[in-house]
Structure formats: C-alpha cells, structure tokens
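Only one structure is covered here, and it is reproduced in the block below.
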Amino acid sequence: MARVDAPDFWDGLYATGGDGWELGQPAPALVDFVEQTPPPRGRVAVLGCGRGHDARFLATRGYEVVGYDFSSAAVTAARALARRDGVKVEFEQRDIFTLGREAAHTFDGVWEYTCYCAIDPARRGDYVRTVSAIIRPGGWLLACFFPLRAVNAGPPFPVSRAELRRRFAATFRFERAQPPLRSARGRLGREWLVFARRT
Ligand SMILES: C[S@@+](CC[C@H](N)C(=O)[O-])C[C@H]1O[C@@H](n2cnc3c(N)ncnc32)[C@H](O)[C@@H]1O
C-alpha cells in the first residue's frame, strides 16, 4: 500500500503542521466560480475535504453538502469549524474509494480540490470510477485540478490536462476548462478549473 493510501499518513501531517496545503479559507477558484456561475443546487460531495472550508462555503451558498475524508484529524476539525460557524454540513470519516458501491448516483454534484493530487497516481482510474458512480446522470463535476507542474516528489502528485481529459472522457462531457480567475497563493499558473457533466 502506498503511504498516501493510509489515513495515518495524513493524520500525521495534520498533527505535525505538515499540512502545507491548508488555506484556512475556501479555495478562491471555487468562490469565484460559484459566485459568478453557480452550478445547479442539490446534494454535493466534497472529496478529501480536509478541514472543510470548501464544504462550509458551499453549504452557505445553498448546497446540501457531505464532506468526506478518511483522516480523523481532518473530520474532527471540520465538524468543529462547522459548529463554530453554525453551518449545516455533514462530514463523514471515510475512504472515498468505498463510495462507488454505497453511494451510487446519490449526488447531483462533486467538488474536487487537492484530493486527486493526494491519492496514489496508480489509483486515478479508481478515482474517476468513484466520481462517475456517485454523480447521477446529468449531474456535475466542478474540479480545480492542481498542480500542473510538480515542485517535489509528491504528494501533491502532478496532473496534466491531456491525462485528465483522457481519463474523464468516457463518463463526462467537459463544458468549461480554463485557468481559474484567482488561484490560491503560490499556485498561480498551476491550477486548471473544469466544469463537466456526467453523461
Ligand atoms: C492535500 S489534503 C487537501 C484537503 C482539502 N481538500 C484542502 O484543500 O484543504 C488531501 C486530503 O485528502 C484526504 N484523503 C486522501 N486520500 C483519501 C481517501 N482515499 N479517502 C478520503 N480522504 C482522503 C486526506 O486525509 C487529506 O485531508
């Protein structure tokens, strides 16, 4: 098993301040997209939700949100922050790769940010199958894929636009694919925002 497949690996990073991905706020790419062109409201899954900033943001914009993360540290923090802010959002401690069977077609949408790059690249096919399974036909995937260039051995493991198009082509139609209006600090030029429909 690759080390990134184990919740302990991520719990350790949360515990030791190794969470260099932490923004302390929702991703700018998500905020801009939802404020300018909100996807249809409905039930939305946030995969690898971390401390849940994006999940809380979506919930405040009228989406019914479930955040999934297999790190107990992440889920504990996410629940505490939702309580602090009085935001109604559900967080479940769970390996996202178990969702395909149990949550088939139960979501209208998925938000992806820094989960795809966190999993073992050998499991990217499984990731696409999971996302394809949980979104109902006609539902949507909003994703900000990162990083388009590697800066270290990973995680985050680099992504490429060609690879993403190839992997998602069988089950999604890309409606928009562009650099986000704003990127998180230090990520400018390395993010790619996609809005795609489940076919
Ligand atoms: C790089 S962090 C990003 C967290 C959050 N998306 C953010 O932007 O702050 C990746 C997160 O994905 C979670 N994760 C990785 N693999 C997972 C899996 N197979 N199932 C559930 N969560 C997973 C980790 O525990 C970690 O919280």
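By convention in this document, the chains of the structure tokens carry letters A, B, ... by their order, each chain's residues are numbered from 1, and ligands are numbered from 1 in the order they are shown.
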Nearby polymer residues, ligand 1, at most 7 Å, only C-alpha atoms and all ligand atoms, as JSON, numbers by chain: {"A": [4, 5, 7, 10, 11, 21, 22, 23, 47, 48, 49, 50, 51, 52, 68, 69, 70, 71, 74, 94, 95, 96, 97, 113, 114, 115, 118, 119, 156]}
Test item: residues at most 9 Å from Pro28 (chain A), only C-alpha atoms, excluding those fewer than 4 positions along its chain, as a list in words: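 These residues fall inside the cut-off: Asp32, Phe33, Pro180, Leu181, Arg182, Ser183 and Ala184 of chain A.
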Contact residues around Ala196 (chain A) with only C-alpha atoms at 10 Å, ignoring same-chain residues under 5 positions, as a JSON list (two decimals) with all heavy atoms, in the first residue's frame:
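Wrote selection_28.json, looks like this:
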[["chain", "number", "residue", "atom", "x", "y", "z"],
["A", 109, "GLY", "N", -23.81, 16.71, -7.56],
["A", 109, "GLY", "CA", -22.55, 17.32, -7.94],
["A", 109, "GLY", "C", -21.42, 16.90, -7.03],
["A", 109, "GLY", "O", -21.63, 16.37, -5.94],
["A", 138, "GLY", "N", -26.38, 13.39, -15.72],
["A", 138, "GLY", "CA", -26.80, 14.79, -15.86],
["A", 138, "GLY", "C", -26.26, 15.68, -14.76],
["A", 138, "GLY", "O", -26.36, 16.90, -14.84],
["A", 139, "GLY", "N", -25.72, 15.07, -13.72],
["A", 139, "GLY", "CA", -25.12, 15.85, -12.64],
["A", 139, "GLY", "C", -23.78, 16.44, -13.06],
["A", 139, "GLY", "O", -23.35, 16.29, -14.21],
["A", 140, "TRP", "N", -23.13, 17.10, -12.13],
["A", 140, "TRP", "CA", -21.93, 17.86, -12.50],
["A", 140, "TRP", "C", -20.73, 17.58, -11.61],
["A", 140, "TRP", "O", -20.86, 17.21, -10.46],
["A", 140, "TRP", "CB", -22.22, 19.36, -12.51],
["A", 140, "TRP", "CG", -22.89, 19.90, -11.26],
["A", 140, "TRP", "CD1", -24.24, 20.04, -11.05],
["A", 140, "TRP", "CD2", -22.26, 20.34, -10.05],
["A", 140, "TRP", "NE1", -24.47, 20.56, -9.80],
["A", 140, "TRP", "CE2", -23.28, 20.76, -9.16],
["A", 140, "TRP", "CE3", -20.93, 20.46, -9.63],
["A", 140, "TRP", "CZ2", -23.01, 21.26, -7.88],
["A", 140, "TRP", "CZ3", -20.66, 20.95, -8.36],
["A", 140, "TRP", "CH2", -21.69, 21.35, -7.50],
["A", 141, "LEU", "N", -19.58, 17.80, -12.24],
["A", 141, "LEU", "CA", -18.31, 17.77, -11.52],
["A", 141, "LEU", "C", -17.67, 19.14, -11.70],
["A", 141, "LEU", "O", -17.47, 19.60, -12.82],
["A", 141, "LEU", "CB", -17.38, 16.71, -12.13],
["A", 141, "LEU", "CG", -15.91, 16.77, -11.69],
["A", 141, "LEU", "CD1", -15.75, 16.43, -10.21],
["A", 141, "LEU", "CD2", -15.06, 15.82, -12.55],
["A", 142, "LEU", "N", -17.39, 19.79, -10.58],
["A", 142, "LEU", "CA", -16.60, 21.02, -10.61],
["A", 142, "LEU", "C", -15.29, 20.68, -9.93],
["A", 142, "LEU", "O", -15.29, 20.17, -8.80],
["A", 142, "LEU", "CB", -17.34, 22.14, -9.87],
["A", 142, "LEU", "CG", -16.62, 23.49, -9.79],
["A", 142, "LEU", "CD1", -16.33, 24.07, -11.17],
["A", 142, "LEU", "CD2", -17.44, 24.49, -8.96],
["A", 143, "ALA", "N", -14.20, 20.92, -10.64],
["A", 143, "ALA", "CA", -12.90, 20.49, -10.12],
["A", 143, "ALA", "C", -11.86, 21.55, -10.41],
["A", 143, "ALA", "O", -11.84, 22.14, -11.50],
["A", 143, "ALA", "CB", -12.49, 19.17, -10.77],
["A", 168, "PHE", "N", -11.37, 11.25, -18.01],
["A", 168, "PHE", "CA", -12.78, 11.56, -17.74],
["A", 168, "PHE", "C", -13.65, 11.46, -18.99],
["A", 168, "PHE", "O", -14.88, 11.55, -18.90],
["A", 168, "PHE", "CB", -12.90, 12.97, -17.12],
["A", 168, "PHE", "CG", -12.51, 13.02, -15.66],
["A", 168, "PHE", "CD1", -11.20, 13.28, -15.27],
["A", 168, "PHE", "CD2", -13.45, 12.78, -14.66],
["A", 168, "PHE", "CE1", -10.84, 13.32, -13.93],
["A", 168, "PHE", "CE2", -13.11, 12.80, -13.31],
["A", 168, "PHE", "CZ", -11.80, 13.08, -12.95],
["A", 169, "ALA", "N", -13.04, 11.27, -20.17],
["A", 169, "ALA", "CA", -13.80, 11.37, -21.42],
["A", 169, "ALA", "C", -14.95, 10.37, -21.52],
["A", 169, "ALA", "O", -16.00, 10.67, -22.09],
["A", 169, "ALA", "CB", -12.86, 11.18, -22.62],
["A", 171, "THR", "N", -17.02, 9.22, -19.33],
["A", 171, "THR", "CA", -18.22, 9.41, -18.49],
["A", 171, "THR", "C", -18.58, 10.89, -18.28],
["A", 171, "THR", "O", -19.60, 11.17, -17.63],
["A", 171, "THR", "CB", -18.02, 8.75, -17.11],
["A", 171, "THR", "OG1", -16.71, 9.05, -16.64],
["A", 171, "THR", "CG2", -18.21, 7.25, -17.19],
["A", 172, "PHE", "N", -17.78, 11.81, -18.79],
["A", 172, "PHE", "CA", -18.07, 13.24, -18.58],
["A", 172, "PHE", "C", -17.89, 14.01, -19.89],
["A", 172, "PHE", "O", -17.03, 13.68, -20.70],
["A", 172, "PHE", "CB", -17.12, 13.84, -17.53],
["A", 172, "PHE", "CG", -17.47, 13.45, -16.11],
["A", 172, "PHE", "CD1", -16.91, 12.32, -15.55],
["A", 172, "PHE", "CD2", -18.38, 14.19, -15.37],
["A", 172, "PHE", "CE1", -17.24, 11.93, -14.25],
["A", 172, "PHE", "CE2", -18.72, 13.82, -14.08],
["A", 172, "PHE", "CZ", -18.14, 12.69, -13.51],
["A", 173, "ARG", "N", -18.71, 15.05, -20.03],
["A", 173, "ARG", "CA", -18.53, 16.00, -21.14],
["A", 173, "ARG", "C", -18.03, 17.30, -20.52],
["A", 173, "ARG", "O", -18.70, 17.89, -19.68],
["A", 173, "ARG", "CB", -19.88, 16.21, -21.83],
["A", 173, "ARG", "CG", -19.80, 17.01, -23.12],
["A", 173, "ARG", "CD", -21.16, 17.19, -23.77],
["A", 173, "ARG", "NE", -22.08, 17.98, -22.93],
["A", 173, "ARG", "CZ", -23.10, 17.48, -22.25],
["A", 173, "ARG", "NH1", -23.40, 16.20, -22.30],
["A", 173, "ARG", "NH2", -23.87, 18.27, -21.52],
["A", 174, "PHE", "N", -16.85, 17.74, -20.92],
["A", 174, "PHE", "CA", -16.28, 18.98, -20.38],
["A", 174, "PHE", "C", -17.02, 20.17, -20.98],
["A", 174, "PHE", "O", -17.03, 20.34, -22.20],
["A", 174, "PHE", "CB", -14.79, 19.08, -20.70],
["A", 174, "PHE", "CG", -13.89, 18.26, -19.80],
["A", 174, "PHE", "CD1", -14.34, 17.07, -19.24],
["A", 174, "PHE", "CD2", -12.60, 18.67, -19.51],
["A", 174, "PHE", "CE1", -13.52, 16.31, -18.40],
["A", 174, "PHE", "CE2", -11.77, 17.93, -18.68],
["A", 174, "PHE", "CZ", -12.24, 16.75, -18.13],
["A", 175, "GLU", "N", -17.64, 21.00, -20.14],
["A", 175, "GLU", "CA", -18.34, 22.19, -20.64],
["A", 175, "GLU", "C", -17.46, 23.44, -20.51],
["A", 175, "GLU", "O", -17.55, 24.34, -21.33],
["A", 175, "GLU", "CB", -19.66, 22.39, -19.87],
["A", 175, "GLU", "CG", -20.66, 21.29, -20.18],
["A", 175, "GLU", "CD", -22.04, 21.55, -19.61],
["A", 175, "GLU", "OE1", -22.26, 22.55, -18.90],
["A", 175, "GLU", "OE2", -22.94, 20.72, -19.90],
["A", 176, "ARG", "N", -16.65, 23.47, -19.47],
["A", 176, "ARG", "CA", -15.71, 24.57, -19.32],
["A", 176, "ARG", "C", -14.40, 24.02, -18.79],
["A", 176, "ARG", "O", -14.41, 23.15, -17.92],
["A", 176, "ARG", "CB", -16.26, 25.64, -18.37],
["A", 176, "ARG", "CG", -17.43, 26.38, -18.97],
["A", 176, "ARG", "CD", -18.05, 27.32, -17.98],
["A", 176, "ARG", "NE", -17.17, 28.43, -17.61],
["A", 176, "ARG", "CZ", -17.56, 29.41, -16.79],
["A", 176, "ARG", "NH1", -18.77, 29.41, -16.25],
["A", 176, "ARG", "NH2", -16.74, 30.39, -16.50],
["A", 177, "ALA", "N", -13.31, 24.55, -19.27],
["A", 177, "ALA", "CA", -11.99, 24.13, -18.80],
["A", 177, "ALA", "C", -11.06, 25.31, -19.03],
["A", 177, "ALA", "O", -10.84, 25.70, -20.17],
["A", 177, "ALA", "CB", -11.52, 22.90, -19.55]]
If you count only C-alpha atoms, the residue of A:Thr60, A:Ala55, A:Ala29, A:Val44 closest to Arg187 (chain A) turns out to be A:Ala29
Spatial neighbours of Ala27 (chain A), 7 Å, only C-alpha atoms, chain gap at least 3 places, as a PyMOL selection string: chain A and resi 30-31+54+184
From the set A:Pro158, A:Phe195, A:Pro137, A:Pro40, which residue has the shortest atom-to-atom contact distance to Asp120 (chain A), counting only C-alpha atoms?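 Of A:Pro158, A:Phe195, A:Pro137, A:Pro40, the one nearest Asp120 (chain A) is A:Pro158, counting only C-alpha atoms.
For the pair CA of Ala162 (chain A) and CA of Val110 (chain A), the separation is 20.8 Å.
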Atom pair CA of Gln93 (chain A) / CA of Ala153 (chain A): separation (Å): 27.0 Å
Report as number ranges by chain all protein, DNA and RNA residues lying within 10 Å of Gly62 (chain A), evaluated on only C-alpha atoms, omitting residues in the same chain fewer than 5 positions from it. A: 40-43, 57
Kindly save the residues from that selection, with C-alpha atoms included, as a compact mmCIF listing (two decimals), in the first residue's frame.
# COMPACT_ATOMS: atom_id res chain seq x y z
CA PRO A 40 -27.48 23.83 -10.04
CA ARG A 41 -28.29 23.44 -6.34
CA GLY A 42 -28.54 19.94 -4.92
CA ARG A 43 -26.62 17.35 -2.96
CA PHE A 57 -18.69 27.63 1.77
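Proximity of A:Ala104, A:Ala45, A:Phe145, A:Gln25 to Glu92 (chain A), computed with only C-alpha atoms, is greatest for A:Ala45.
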Per DSSP on the backbone, what are the helix (DSSP H, G or I) residues of region 7-191 of chain A, as an NGL selection string? :A and (7-15 or 28-36 or 53-60 or 72-85 or 96-102 or 121-134 or 161-168)
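Within the 6 Å cut-off around Phe146 (chain A), using only C-alpha atoms and omitting residues fewer than 2 positions from it on the same chain, the listed residues are Leu148, Arg190 and Glu191 of chain A.
CA of Glu112 (chain A) is found 18.3 Å from CA of Ala170 (chain A).
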Near Arg84 (chain A), counting only C-alpha atoms, which residues have an atom at most 12 Å away, once you skip same-chain residues fewer than 6 positions from it, shown as a ChimeraX atom specification? /A:56,77-78
